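Structure data (compact mmCIF, C-alpha atoms) from model.txt:
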# COMPACT_ATOMS: atom_id res chain seq x y z
CA MET F 288 -27.48 -38.40 -6.10
CA THR F 289 -29.76 -36.34 -3.89
CA HIS F 290 -31.27 -37.78 -0.74
CA PRO F 291 -35.01 -38.43 -0.62
CA SER F 292 -36.99 -36.02 1.49
CA ILE F 293 -39.78 -35.82 4.03
CA VAL F 294 -41.83 -32.62 4.16
CA VAL F 295 -43.06 -31.49 7.58
CA GLY F 296 -45.50 -28.68 8.28
CA VAL F 297 -44.28 -26.62 11.24
CA THR F 298 -45.50 -23.71 13.33
CA PRO F 299 -43.79 -21.90 16.20
CA TRP F 300 -46.52 -22.94 18.66
CA GLN F 301 -46.85 -26.65 17.87
CA PRO F 302 -45.29 -29.22 20.20
CA ASP F 303 -41.82 -30.45 19.24
CA SER F 304 -43.19 -33.99 18.88
CA VAL F 305 -44.20 -33.30 15.26
CA VAL F 306 -40.63 -32.46 14.24
CA HIS F 307 -39.21 -35.29 16.37
CA GLU F 308 -41.39 -37.86 14.56
CA ALA F 309 -40.38 -36.49 11.16
CA LEU F 310 -36.72 -36.68 12.19
CA LYS F 311 -37.11 -40.29 13.40
CA PHE F 312 -38.47 -41.34 10.02
CA ALA F 313 -35.86 -39.28 8.18
CA ALA F 314 -33.02 -40.93 10.11
CA LYS F 315 -34.36 -44.42 9.37
CA LEU F 316 -35.03 -43.66 5.71
CA HIS F 317 -31.88 -41.54 5.16
CA CYS F 318 -33.93 -38.52 4.16
CA VAL F 319 -33.59 -34.77 4.27
CA VAL F 320 -36.35 -33.05 6.27
CA VAL F 321 -37.91 -30.06 4.53
CA CYS F 322 -39.59 -27.89 7.18
CA VAL F 323 -42.37 -25.71 5.79
CA SER F 324 -44.12 -22.86 7.60
CA VAL F 325 -47.17 -21.27 6.02
CA ASP F 326 -48.71 -17.91 6.88
CA LEU F 327 -52.48 -18.37 6.62
CA SER F 328 -53.12 -14.63 6.77
CA ARG F 329 -51.28 -13.92 3.51
CA TYR F 330 -51.25 -15.06 -0.11
CA VAL F 331 -48.36 -15.40 -2.56
CA THR F 332 -48.01 -12.56 -5.05
CA ASP F 333 -44.64 -13.49 -6.54
CA THR F 334 -41.72 -15.89 -6.24
CA ARG F 335 -38.17 -14.56 -6.57
CA ALA F 336 -35.42 -16.30 -8.53
CA ASP F 337 -33.90 -17.53 -5.23
CA GLY F 338 -37.22 -19.22 -4.34
CA SER F 339 -38.24 -16.71 -1.66
CA ILE F 340 -41.93 -15.85 -1.53
CA ILE F 341 -43.43 -12.37 -1.77
CA ALA F 342 -46.80 -12.27 0.03
CA ALA F 343 -49.60 -9.80 0.60
CA PRO F 344 -52.15 -9.84 3.44
CA ILE F 345 -55.63 -11.20 2.85
CA ASP F 346 -56.92 -8.30 4.97
CA SER F 347 -55.94 -5.08 3.16
CA ASP F 348 -55.80 -3.26 6.52
CA ALA F 349 -53.17 -5.68 7.88
CA GLY F 350 -50.08 -4.18 6.28
CA GLY F 351 -48.18 -4.32 3.04
CA VAL F 352 -46.37 -6.81 0.87
CA ILE F 353 -43.50 -8.69 2.57
CA VAL F 354 -40.92 -11.38 1.87
CA GLU F 355 -41.95 -14.46 3.88
CA GLU F 356 -39.21 -15.60 6.25
CA PHE F 357 -38.91 -18.76 8.30
CA ASP F 358 -39.03 -18.01 12.04
CA PRO F 359 -35.34 -17.85 13.09
CA GLY F 360 -36.00 -19.14 16.62
CA LEU F 361 -37.95 -22.10 15.26
CA ALA F 362 -35.20 -22.85 12.72
CA THR F 363 -32.56 -22.81 15.48
CA ARG F 364 -34.62 -25.19 17.63
CA ILE F 365 -35.20 -27.58 14.71
CA ARG F 366 -31.50 -27.48 13.73
CA GLN F 367 -30.59 -28.57 17.27
CA PHE F 368 -33.01 -31.51 17.10
CA ALA F 369 -31.78 -32.41 13.59
CA ALA F 370 -28.12 -32.35 14.67
CA THR F 371 -28.91 -34.79 17.49
CA ALA F 372 -30.75 -37.06 15.04
CA GLU F 373 -27.98 -36.61 12.44
CA VAL F 374 -30.49 -35.47 9.82
CA GLU F 375 -30.10 -32.66 7.29
CA CYS F 376 -32.82 -29.96 7.27
CA GLU F 377 -34.04 -27.33 4.84
CA PHE F 378 -36.44 -24.48 5.63
CA ILE F 379 -39.16 -22.96 3.46
CA ALA F 380 -41.51 -20.11 4.35
CA SER F 381 -44.65 -19.56 2.29
CA ALA F 382 -48.16 -18.17 2.45
CA GLY F 383 -51.67 -19.31 1.61
CA ASP F 384 -53.47 -22.59 2.14
CA PRO F 385 -51.22 -24.99 4.12
CA GLY F 386 -52.51 -28.11 2.36
CA ARG F 387 -51.80 -26.70 -1.08
CA VAL F 388 -48.38 -25.36 -0.05
CA LEU F 389 -47.31 -28.65 1.56
CA THR F 390 -48.52 -30.57 -1.50
CA ARG F 391 -46.59 -28.25 -3.84
CA VAL F 392 -43.38 -28.48 -1.80
CA ALA F 393 -43.70 -32.28 -1.55
CA LYS F 394 -44.09 -32.49 -5.32
CA GLU F 395 -41.11 -30.17 -5.94
CA HIS F 396 -38.92 -32.28 -3.62
CA ASP F 397 -40.43 -35.63 -4.67
CA ALA F 398 -41.03 -36.29 -0.96
CA LEU F 399 -41.66 -39.75 0.39
CA MET F 400 -44.28 -38.43 2.82
CA ILE F 401 -45.73 -35.35 4.47
CA VAL F 402 -45.79 -35.03 8.26
CA VAL F 403 -48.26 -32.76 10.08
CA GLY F 404 -49.55 -32.48 13.63
CA THR F 405 -53.12 -32.56 14.81
CA ARG F 406 -54.67 -29.40 16.21
CA SER F 407 -54.64 -28.89 19.92
CA ALA F 408 -57.94 -29.80 21.58
CA THR F 409 -58.28 -26.25 22.87
CA PHE F 410 -61.00 -23.78 21.97
CA GLY F 411 -58.49 -21.81 19.86
CA GLY F 412 -57.42 -24.94 17.98
CA THR F 413 -61.03 -25.88 17.33
CA VAL F 414 -61.85 -22.39 16.04
CA ARG F 415 -58.77 -22.35 13.74
CA GLU F 416 -59.70 -25.76 12.37
CA PHE F 417 -63.32 -24.65 11.80
CA PHE F 418 -62.18 -21.69 9.69
CA SER F 419 -59.19 -23.23 7.92
CA GLY F 420 -60.18 -26.91 7.87
CA SER F 421 -58.02 -29.84 8.84
CA VAL F 422 -54.70 -29.73 7.01
CA ALA F 423 -54.29 -33.50 7.50
CA VAL F 424 -57.70 -34.30 6.00
CA ASN F 425 -57.08 -31.88 3.13
CA LEU F 426 -53.74 -33.56 2.38
CA ALA F 427 -55.09 -37.09 2.65
CA HIS F 428 -57.71 -36.33 0.00
CA ARG F 429 -55.76 -34.11 -2.40
CA GLN F 430 -52.44 -35.79 -3.12
CA HIS F 431 -50.96 -39.28 -3.46
CA ARG F 432 -48.20 -39.25 -0.83
CA PRO F 433 -48.62 -40.85 2.57
CA VAL F 434 -49.52 -38.39 5.31
CA LEU F 435 -48.22 -39.03 8.82
CA VAL F 436 -50.46 -37.29 11.34
CA VAL F 437 -48.77 -36.84 14.72
CA PRO F 438 -51.18 -36.49 17.65
CA VAL F 439 -50.13 -33.42 19.62
CA ASP F 440 -52.77 -33.58 22.34
CA PRO F 441 -54.07 -37.19 22.50
CA VAL F 442 -57.35 -37.88 24.26
CA SER F 443 -57.57 -40.90 26.58
CA GLY F 444 -59.68 -43.89 25.54
CA ASP F 445 -62.91 -42.61 27.11
CA GLY F 446 -62.08 -38.89 26.84
CA VAL F 447 -64.19 -36.40 24.93
CA LEU F 448 -62.96 -35.81 21.40
CA PRO F 449 -62.53 -32.16 20.37
CA TRP F 450 -65.40 -32.26 17.87
CA ASP F 451 -67.82 -33.83 20.39
CA GLY F 452 -67.69 -30.85 22.78
CA PRO F 453 -68.09 -31.10 26.54
CA ARG F 454 -70.43 -33.72 27.98
CA PRO F 455 -72.71 -33.09 30.92
CA VAL F 456 -71.22 -34.22 34.24
CA GLY F 457 -71.73 -37.94 34.77
CA GLU F 458 -72.61 -38.71 31.12
CA ARG F 459 -70.42 -41.28 29.34
CA ALA F 460 -69.87 -41.80 25.65
Could you render the structure as structure tokens?
Amino acid sequence: MTHPSIVVGVTPWQPDSVVHEALKFAAKLHCVVVCVSVDLSRYVTDTRADGSIIAAPIDSDAGGVIVEEFDPGLATRIRQFAATAEVECEFIASAGDPGRVLTRVAKEHDALMIVVGTRSATFGGTVREFFSGSVAVNLAHRQHRPVLVVPVDPVSGDGVLPWDGPRPVGERA
């Protein structure tokens, strides 16, 4: 019998808290964690027999067709966390729309849930979310599995939320 799984969307720059939360749930539920990284700047052109993804850039000036590979440094870091939590991990690299990729992988693995992090409340995070949309919102509306959204940069109770923008000095919400 195979173990149930939890799919987690990962990026090299996100805080480790997203993976740690996925590992906590996986340990309690006796699940395998399937870590998925998605290259937004590319799209899938083919899938090899071994499951590896062949991807081409959206921008034709950005280079040629490549085989997507999971970041080795990120995989090493996650393996260390998983060993401490005594949880098995798998790694998948893909390209395209993160919400669609995570949904597809969750379906293929019959995952119990999908775990993603929120965007950082920085200008860069806000711009990325504007252009690519919220992965968490996309997932919550497009598939039937529970979505665990891990806050990576929580705002205090009276703090300005990222979508509200800065407030004039002295003005309260």
Between CA of Val319 in chain F and CA of Val434 in chain F lies a distance of 16.4 Å
The distance between CA of Cys322 in chain F and CA of Asp358 in chain F is 11.0 Å
Check your understanding: Quick one: residues within 9 Å of Glu355 in chain F, all atoms listed in the file counted, chain neighbours fewer than 3 positions away excluded, as a PyMOL selection string?
Key -> chain F and resi 325-326+339-342+379-382
Just-selected residues, C-alpha atoms written as a CSV table (one decimal), in the coordinates of the input:
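Output file result.csv follows:
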chain,number,residue,atom,x,y,z
F,325,VAL,CA,-47.2,-21.3,6.0
F,326,ASP,CA,-48.7,-17.9,6.9
F,339,SER,CA,-38.2,-16.7,-1.7
F,340,ILE,CA,-41.9,-15.8,-1.5
F,341,ILE,CA,-43.4,-12.4,-1.8
F,342,ALA,CA,-46.8,-12.3,0.0
F,379,ILE,CA,-39.2,-23.0,3.5
F,380,ALA,CA,-41.5,-20.1,4.4
F,381,SER,CA,-44.6,-19.6,2.3
F,382,ALA,CA,-48.2,-18.2,2.4
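Taking all atoms listed in the file into account, the polymer residues that have an atom no farther than 10 Å from (-45.6, -27.2, 10.6) are Val294, Val295, Gly296, Val297, Thr298, Pro299, Trp300, Gln301, Pro302, Asp303, Val305, Val306, Cys322, Val323, Ser324, Val325, Pro385, Leu389, Val402, Val403 and Gly404 of chain F.
The spacing separating CA of Ile293 in chain F from CA of Arg329 in chain F amounts to 24.7 Å.
Minimum atom-to-atom distances from F:Gln367, F:Ser347, F:Thr390, F:Asn425 to Leu310 in chain F were compared using only C-alpha atoms, and the lowest value belongs to F:Gln367.
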As a PDB file, keeping the file's coordinate frame, the rebuilt range 335-348 of chain F with N, CA and C atoms:
ATOM      1  N   ARG F 335     -39.451 -15.069  -6.065  1.00  0.00           N
ATOM      2  CA  ARG F 335     -38.170 -14.560  -6.570  1.00  0.00           C
ATOM      3  C   ARG F 335     -37.345 -15.696  -7.166  1.00  0.00           C
ATOM      4  N   ALA F 336     -36.305 -15.317  -7.893  1.00  0.00           N
ATOM      5  CA  ALA F 336     -35.420 -16.300  -8.530  1.00  0.00           C
ATOM      6  C   ALA F 336     -34.769 -17.221  -7.507  1.00  0.00           C
ATOM      7  N   ASP F 337     -34.513 -16.704  -6.275  1.00  0.00           N
ATOM      8  CA  ASP F 337     -33.900 -17.530  -5.230  1.00  0.00           C
ATOM      9  C   ASP F 337     -34.898 -18.437  -4.523  1.00  0.00           C
ATOM     10  N   GLY F 338     -36.176 -18.384  -4.935  1.00  0.00           N
ATOM     11  CA  GLY F 338     -37.220 -19.220  -4.340  1.00  0.00           C
ATOM     12  C   GLY F 338     -37.971 -18.559  -3.204  1.00  0.00           C
ATOM     13  N   SER F 339     -37.517 -17.379  -2.754  1.00  0.00           N
ATOM     14  CA  SER F 339     -38.240 -16.710  -1.660  1.00  0.00           C
ATOM     15  C   SER F 339     -39.598 -16.222  -2.161  1.00  0.00           C
ATOM     16  N   ILE F 340     -40.532 -16.160  -1.226  1.00  0.00           N
ATOM     17  CA  ILE F 340     -41.930 -15.850  -1.530  1.00  0.00           C
ATOM     18  C   ILE F 340     -42.248 -14.407  -1.147  1.00  0.00           C
ATOM     19  N   ILE F 341     -42.915 -13.701  -2.056  1.00  0.00           N
ATOM     20  CA  ILE F 341     -43.430 -12.370  -1.770  1.00  0.00           C
ATOM     21  C   ILE F 341     -44.924 -12.567  -1.503  1.00  0.00           C
ATOM     22  N   ALA F 342     -45.407 -12.035  -0.360  1.00  0.00           N
ATOM     23  CA  ALA F 342     -46.800 -12.270   0.030  1.00  0.00           C
ATOM     24  C   ALA F 342     -47.484 -10.980   0.448  1.00  0.00           C
ATOM     25  N   ALA F 343     -48.775 -10.934   0.213  1.00  0.00           N
ATOM     26  CA  ALA F 343     -49.600  -9.800   0.600  1.00  0.00           C
ATOM     27  C   ALA F 343     -50.655 -10.293   1.583  1.00  0.00           C
ATOM     28  N   PRO F 344     -51.132  -9.417   2.477  1.00  0.00           N
ATOM     29  CA  PRO F 344     -52.150  -9.840   3.440  1.00  0.00           C
ATOM     30  C   PRO F 344     -53.510 -10.034   2.788  1.00  0.00           C
ATOM     31  N   ILE F 345     -54.253 -10.995   3.305  1.00  0.00           N
ATOM     32  CA  ILE F 345     -55.630 -11.200   2.850  1.00  0.00           C
ATOM     33  C   ILE F 345     -56.465  -9.990   3.249  1.00  0.00           C
ATOM     34  N   ASP F 346     -56.244  -9.489   4.456  1.00  0.00           N
ATOM     35  CA  ASP F 346     -56.920  -8.300   4.970  1.00  0.00           C
ATOM     36  C   ASP F 346     -56.114  -7.076   4.536  1.00  0.00           C
ATOM     37  N   SER F 347     -56.681  -6.236   3.690  1.00  0.00           N
ATOM     38  CA  SER F 347     -55.940  -5.080   3.160  1.00  0.00           C
ATOM     39  C   SER F 347     -55.542  -4.091   4.242  1.00  0.00           C
ATOM     40  N   ASP F 348     -56.162  -4.156   5.417  1.00  0.00           N
ATOM     41  CA  ASP F 348     -55.800  -3.260   6.520  1.00  0.00           C
ATOM     42  C   ASP F 348     -54.644  -3.821   7.364  1.00  0.00           C
TER      43      ASP F 348
END
